$ cat my_file25.txt   # compact mmCIF, C-alpha atoms
# COMPACT_ATOMS: atom_id res chain seq x y z
CA MET A 1 -5.27 25.66 19.75
CA MET A 2 -4.26 22.27 21.07
CA GLY A 3 -5.12 19.07 19.21
CA SER A 4 -7.14 16.23 20.67
CA ILE A 5 -5.49 13.22 22.20
CA ILE A 6 -6.56 9.94 20.69
CA THR A 7 -7.45 7.58 23.50
CA LYS A 8 -8.47 3.94 23.58
CA GLU A 9 -12.00 4.99 24.49
CA PHE A 10 -12.22 7.33 21.49
CA VAL A 11 -10.97 4.65 19.09
CA GLN A 12 -13.54 2.19 20.46
CA THR A 13 -16.32 4.60 19.47
CA ILE A 14 -15.15 4.33 15.86
CA ILE A 15 -13.83 0.79 15.57
CA GLY A 16 -16.04 -1.94 16.93
CA LYS A 17 -15.15 -5.44 18.03
CA ARG A 18 -14.72 -7.86 15.14
CA GLU A 19 -16.97 -10.84 14.69
CA LYS A 20 -15.47 -14.24 15.53
CA GLU A 21 -16.37 -15.74 12.16
CA ILE A 22 -14.89 -13.24 9.75
CA HIS A 23 -12.59 -13.44 6.73
CA LYS A 24 -9.47 -11.31 6.77
CA GLY A 25 -10.54 -9.73 3.49
CA ASP A 26 -13.62 -8.33 5.26
CA CYS A 27 -11.34 -6.13 7.39
CA GLY A 28 -9.77 -4.16 4.56
CA ARG A 29 -7.70 -5.08 1.54
CA ILE A 30 -4.54 -3.04 1.15
CA LEU A 31 -1.99 -3.02 -1.66
CA ILE A 32 1.45 -1.64 -0.90
CA VAL A 33 3.69 -0.83 -3.87
CA ALA A 34 7.10 -0.49 -2.29
CA GLY A 35 10.68 -1.68 -2.06
CA SER A 36 13.59 -1.87 -4.46
CA HIS A 37 17.12 -3.27 -4.40
CA GLY A 38 18.50 -2.49 -0.94
CA MET A 39 15.17 -1.11 0.28
CA ALA A 40 13.18 -4.21 1.27
CA GLY A 41 12.88 -2.87 4.81
CA ALA A 42 10.64 -0.03 3.63
CA ALA A 43 8.16 -2.55 2.21
CA ILE A 44 8.28 -4.56 5.44
CA LEU A 45 7.68 -1.47 7.60
CA ALA A 46 4.74 -0.34 5.44
CA ALA A 47 3.13 -3.79 5.49
CA THR A 48 3.65 -4.09 9.25
CA ALA A 49 2.00 -0.70 9.78
CA ALA A 50 -0.99 -1.68 7.64
CA LEU A 51 -1.48 -4.91 9.59
CA ARG A 52 -1.02 -3.28 13.00
CA THR A 53 -3.64 -0.65 12.20
CA GLY A 54 -6.23 -3.33 11.50
CA SER A 55 -6.04 -4.14 7.80
CA GLY A 56 -7.06 -7.71 7.23
CA LEU A 57 -5.42 -8.56 3.93
CA VAL A 58 -2.17 -6.85 3.00
CA GLN A 59 -0.45 -7.51 -0.30
CA VAL A 60 2.95 -6.09 -1.19
CA ALA A 61 3.89 -5.51 -4.83
CA ILE A 62 7.68 -5.74 -4.92
CA PRO A 63 10.42 -6.96 -7.26
CA LYS A 64 10.54 -10.77 -7.26
CA GLU A 65 14.09 -10.83 -5.83
CA LEU A 66 12.72 -9.26 -2.63
CA PHE A 67 10.09 -11.96 -2.03
CA PRO A 68 12.24 -14.05 0.37
CA ILE A 69 13.27 -11.03 2.43
CA VAL A 70 9.76 -9.62 2.75
CA GLN A 71 8.18 -13.02 3.46
CA VAL A 72 10.58 -13.57 6.35
CA GLY A 73 10.16 -10.00 7.60
CA ILE A 74 6.35 -9.97 7.51
CA PRO A 75 4.98 -13.46 6.78
CA GLU A 76 1.35 -12.31 7.19
CA ALA A 77 1.58 -10.25 4.00
CA THR A 78 1.30 -11.70 0.53
CA CYS A 79 3.99 -10.86 -2.03
CA LEU A 80 2.94 -9.97 -5.56
CA ASP A 81 4.98 -9.31 -8.67
CA ARG A 82 5.19 -5.60 -9.42
CA ASP A 83 3.45 -6.03 -12.82
CA LEU A 84 0.27 -4.27 -11.70
CA ARG A 85 -1.49 -4.78 -15.03
CA ASN A 86 -2.35 -8.31 -13.88
CA LEU A 87 -4.19 -7.09 -10.77
CA ASP A 88 -7.85 -6.22 -10.32
CA LEU A 89 -7.28 -2.90 -8.57
CA SER A 90 -10.97 -2.61 -7.67
CA LEU A 91 -10.42 -5.29 -5.00
CA TYR A 92 -8.40 -2.91 -2.82
CA ASP A 93 -9.83 -0.51 -0.26
CA ALA A 94 -6.62 1.53 -0.37
CA ILE A 95 -3.21 1.53 -2.02
CA ALA A 96 0.04 2.86 -0.56
CA VAL A 97 2.74 3.74 -3.08
CA GLY A 98 6.32 4.74 -2.50
CA PRO A 99 8.25 3.47 0.53
CA GLY A 100 11.66 2.45 -0.81
CA LEU A 101 10.27 2.33 -4.34
CA GLY A 102 13.25 4.00 -5.99
CA GLN A 103 13.28 6.00 -9.20
CA SER A 104 13.65 3.21 -11.79
CA ASP A 105 11.63 3.17 -15.01
CA GLU A 106 9.64 0.25 -13.57
CA SER A 107 8.76 2.32 -10.50
CA ILE A 108 7.78 5.33 -12.59
CA ASP A 109 5.57 3.12 -14.78
CA ALA A 110 3.92 1.63 -11.67
CA VAL A 111 3.08 5.06 -10.26
CA LYS A 112 1.74 6.26 -13.62
CA TYR A 113 -0.37 3.12 -14.00
CA LEU A 114 -1.89 3.42 -10.54
CA LEU A 115 -2.66 7.12 -10.88
CA ALA A 116 -4.38 6.48 -14.20
CA ASN A 117 -6.25 3.28 -13.26
CA TYR A 118 -7.14 3.31 -9.56
CA ASP A 119 -10.14 5.28 -8.32
CA GLY A 120 -9.95 4.49 -4.62
CA LYS A 121 -7.99 5.89 -1.70
CA MET A 122 -4.27 6.17 -2.37
CA VAL A 123 -1.38 7.30 -0.22
CA LEU A 124 1.69 8.55 -2.06
CA ASP A 125 4.73 8.56 0.18
CA ALA A 126 8.50 8.83 -0.15
CA ASP A 127 9.54 7.84 -3.67
CA GLY A 128 5.92 7.91 -4.80
CA LEU A 129 5.97 11.66 -4.17
CA ASN A 130 9.43 12.00 -5.72
CA ILE A 131 8.25 10.25 -8.88
CA LEU A 132 5.16 12.46 -8.99
CA ALA A 133 7.25 15.63 -8.69
CA TYR A 134 10.28 14.74 -10.84
CA ASN A 135 8.12 13.43 -13.69
CA ASN A 136 5.48 16.18 -13.53
CA LEU A 137 2.57 13.78 -13.09
CA PHE A 138 0.32 16.33 -11.39
CA ASP A 139 -2.33 16.13 -14.10
CA LEU A 140 -2.84 12.47 -13.23
CA ILE A 141 -3.70 13.24 -9.61
CA LYS A 142 -6.08 16.04 -10.61
CA ASN A 143 -8.23 13.44 -12.34
$ encode --input "my_file25.txt" --output "structure tokens"
Amino acid sequence: MMGSIITKEFVQTIIGKREKEIHKGDCGRILIVAGSHGMAGAAILAATAALRTGSGLVQVAIPKELFPIVQVGIPEATCLDRDLRNLDLSLYDAIAVGPGLGQSDESIDAVKYLLANYDGKMVLDADGLNILAYNNLFDLIKN
């Protein structure tokens, strides 16, 4: 069986034209937990993808030393400190976790915190999946 081809016409049946007077936060709020030393590009690519697919407000939780790199690479995104305990996670329509995240204790704690405290849509990718597997966090995703 062959899959369907996604065409411009098909997409227009799902996604309508945006109003002229709209706030970017009305078009989807996305949090991306990504990047580590030497892996800032992964955070930039993930944020770029979120913006190109129509997300209005994209925030990237990264180590502070990556702020300058990510802000130059994708200035439309907002950089946040990786201490997720200071965030109101209920503000986000979806969270992406993992691109270039690494396997540090800080990264493991971030994944554990999100799995335990966020009830919305979450995409675990790359190191997010590695952290899940290597630390046997499967019970957290069952909940």
$ residues_around --input "my_file25.txt" --residues "A:Ile15" --least-positions-apart "4" --cutoff "10 Å" --atoms "only C-alpha atoms" --output "list in words"
Phe10, Val11 and Gly54 of chain A
$ atom_distance --input "my_file25.txt" --atom1 "atom CA of A:Ala46" --atom2 "atom CA of A:Lys8"
22.8 Å
$ atom_distance --input "my_file25.txt" --atom1 "atom CA of A:Asp125" --atom2 "atom CA of A:Gly98"
4.9 Å
$ closest_residue --input "my_file25.txt" --among "A:Ile44, A:Ser36, A:Leu91, A:Asp81" --to "A:Asp105" --atoms "only C-alpha atoms"
A:Ser36
$ closest_residue --input "my_file25.txt" --among "A:Asn130, A:Asn136, A:Ser55, A:Gln71" --to "A:Ser107" --atoms "all atoms listed in the file"
A:Asn130
$ atom_distance --input "my_file25.txt" --atom1 "atom CA of A:Gly41" --atom2 "atom CA of A:Ile62"
11.4 Å
$ closest_residue --input "my_file25.txt" --among "A:Ala96, A:Val58, A:Val70, A:Val111" --to "A:Ala133" --atoms "only C-alpha atoms"
A:Val111
$ residues_around --input "my_file25.txt" --residues "A:Tyr92" --least-positions-apart "3" --cutoff "8 Å" --atoms "all atoms listed in the file" --output "PyMOL selection string"
chain A and resi 28-31+89+95+120
$ residues_around --input "my_file25.txt" --residues "A:Tyr134" --least-positions-apart "6" --cutoff "12 Å" --atoms "only C-alpha atoms" --output "PDB file with C-alpha atoms, keeping the file's coordinate frame"
ATOM      1  CA  GLN A 103      13.280   6.000  -9.200  1.00  0.00           C
ATOM      2  CA  ILE A 108       7.780   5.330 -12.590  1.00  0.00           C
ATOM      3  CA  ASP A 127       9.540   7.840  -3.670  1.00  0.00           C
ATOM      4  CA  GLY A 128       5.920   7.910  -4.800  1.00  0.00           C
TER       5      GLY A 128
END
$ decode --input "my_file25.txt" --residues "stretch 59-78 of chain A" --atoms "N, CA and C atoms" --output "PDB file, in the first residue's frame"
ATOM      1  N   GLN A  59      10.871  28.692  22.356  1.00  0.00           N
ATOM      2  CA  GLN A  59      11.857  28.956  23.389  1.00  0.00           C
ATOM      3  C   GLN A  59      12.777  27.748  23.496  1.00  0.00           C
ATOM      4  N   VAL A  60      14.077  28.018  23.637  1.00  0.00           N
ATOM      5  CA  VAL A  60      15.077  26.964  23.667  1.00  0.00           C
ATOM      6  C   VAL A  60      15.766  26.983  25.026  1.00  0.00           C
ATOM      7  N   ALA A  61      15.626  25.881  25.760  1.00  0.00           N
ATOM      8  CA  ALA A  61      16.285  25.743  27.063  1.00  0.00           C
ATOM      9  C   ALA A  61      17.644  25.086  26.822  1.00  0.00           C
ATOM     10  N   ILE A  62      18.688  25.867  27.014  1.00  0.00           N
ATOM     11  CA  ILE A  62      20.056  25.437  26.716  1.00  0.00           C
ATOM     12  C   ILE A  62      20.985  25.914  27.821  1.00  0.00           C
ATOM     13  N   PRO A  63      22.194  25.366  27.894  1.00  0.00           N
ATOM     14  CA  PRO A  63      23.172  25.909  28.844  1.00  0.00           C
ATOM     15  C   PRO A  63      23.478  27.376  28.497  1.00  0.00           C
ATOM     16  N   LYS A  64      23.667  28.193  29.522  1.00  0.00           N
ATOM     17  CA  LYS A  64      23.874  29.631  29.311  1.00  0.00           C
ATOM     18  C   LYS A  64      25.021  29.942  28.356  1.00  0.00           C
ATOM     19  N   GLU A  65      26.089  29.119  28.363  1.00  0.00           N
ATOM     20  CA  GLU A  65      27.225  29.408  27.485  1.00  0.00           C
ATOM     21  C   GLU A  65      26.868  29.265  26.010  1.00  0.00           C
ATOM     22  N   LEU A  66      25.736  28.648  25.696  1.00  0.00           N
ATOM     23  CA  LEU A  66      25.309  28.515  24.298  1.00  0.00           C
ATOM     24  C   LEU A  66      24.406  29.658  23.834  1.00  0.00           C
ATOM     25  N   PHE A  67      23.971  30.515  24.746  1.00  0.00           N
ATOM     26  CA  PHE A  67      23.074  31.615  24.374  1.00  0.00           C
ATOM     27  C   PHE A  67      23.572  32.403  23.162  1.00  0.00           C
ATOM     28  N   PRO A  68      24.826  32.897  23.163  1.00  0.00           N
ATOM     29  CA  PRO A  68      25.268  33.712  22.022  1.00  0.00           C
ATOM     30  C   PRO A  68      25.229  32.953  20.691  1.00  0.00           C
ATOM     31  N   ILE A  69      25.593  31.695  20.713  1.00  0.00           N
ATOM     32  CA  ILE A  69      25.605  30.902  19.480  1.00  0.00           C
ATOM     33  C   ILE A  69      24.189  30.713  18.949  1.00  0.00           C
ATOM     34  N   VAL A  70      23.281  30.320  19.826  1.00  0.00           N
ATOM     35  CA  VAL A  70      21.910  30.051  19.408  1.00  0.00           C
ATOM     36  C   VAL A  70      21.206  31.342  18.996  1.00  0.00           C
ATOM     37  N   GLN A  71      21.448  32.433  19.706  1.00  0.00           N
ATOM     38  CA  GLN A  71      20.804  33.702  19.343  1.00  0.00           C
ATOM     39  C   GLN A  71      21.248  34.206  17.977  1.00  0.00           C
ATOM     40  N   VAL A  72      22.490  33.959  17.616  1.00  0.00           N
ATOM     41  CA  VAL A  72      22.957  34.331  16.273  1.00  0.00           C
ATOM     42  C   VAL A  72      22.383  33.362  15.244  1.00  0.00           C
ATOM     43  N   GLY A  73      22.329  32.082  15.578  1.00  0.00           N
ATOM     44  CA  GLY A  73      21.864  31.071  14.634  1.00  0.00           C
ATOM     45  C   GLY A  73      20.378  31.126  14.354  1.00  0.00           C
ATOM     46  N   ILE A  74      19.586  31.478  15.344  1.00  0.00           N
ATOM     47  CA  ILE A  74      18.130  31.552  15.186  1.00  0.00           C
ATOM     48  C   ILE A  74      17.590  32.665  16.087  1.00  0.00           C
ATOM     49  N   PRO A  75      17.751  33.918  15.661  1.00  0.00           N
ATOM     50  CA  PRO A  75      17.387  35.051  16.521  1.00  0.00           C
ATOM     51  C   PRO A  75      15.897  35.133  16.860  1.00  0.00           C
ATOM     52  N   GLU A  76      15.033  34.449  16.121  1.00  0.00           N
ATOM     53  CA  GLU A  76      13.599  34.485  16.409  1.00  0.00           C
ATOM     54  C   GLU A  76      13.255  33.714  17.681  1.00  0.00           C
ATOM     55  N   ALA A  77      14.099  32.786  18.061  1.00  0.00           N
ATOM     56  CA  ALA A  77      13.839  31.978  19.257  1.00  0.00           C
ATOM     57  C   ALA A  77      14.349  32.700  20.503  1.00  0.00           C
ATOM     58  N   THR A  78      13.728  32.389  21.614  1.00  0.00           N
ATOM     59  CA  THR A  78      14.137  32.939  22.892  1.00  0.00           C
ATOM     60  C   THR A  78      14.953  31.888  23.630  1.00  0.00           C
TER      61      THR A  78
END
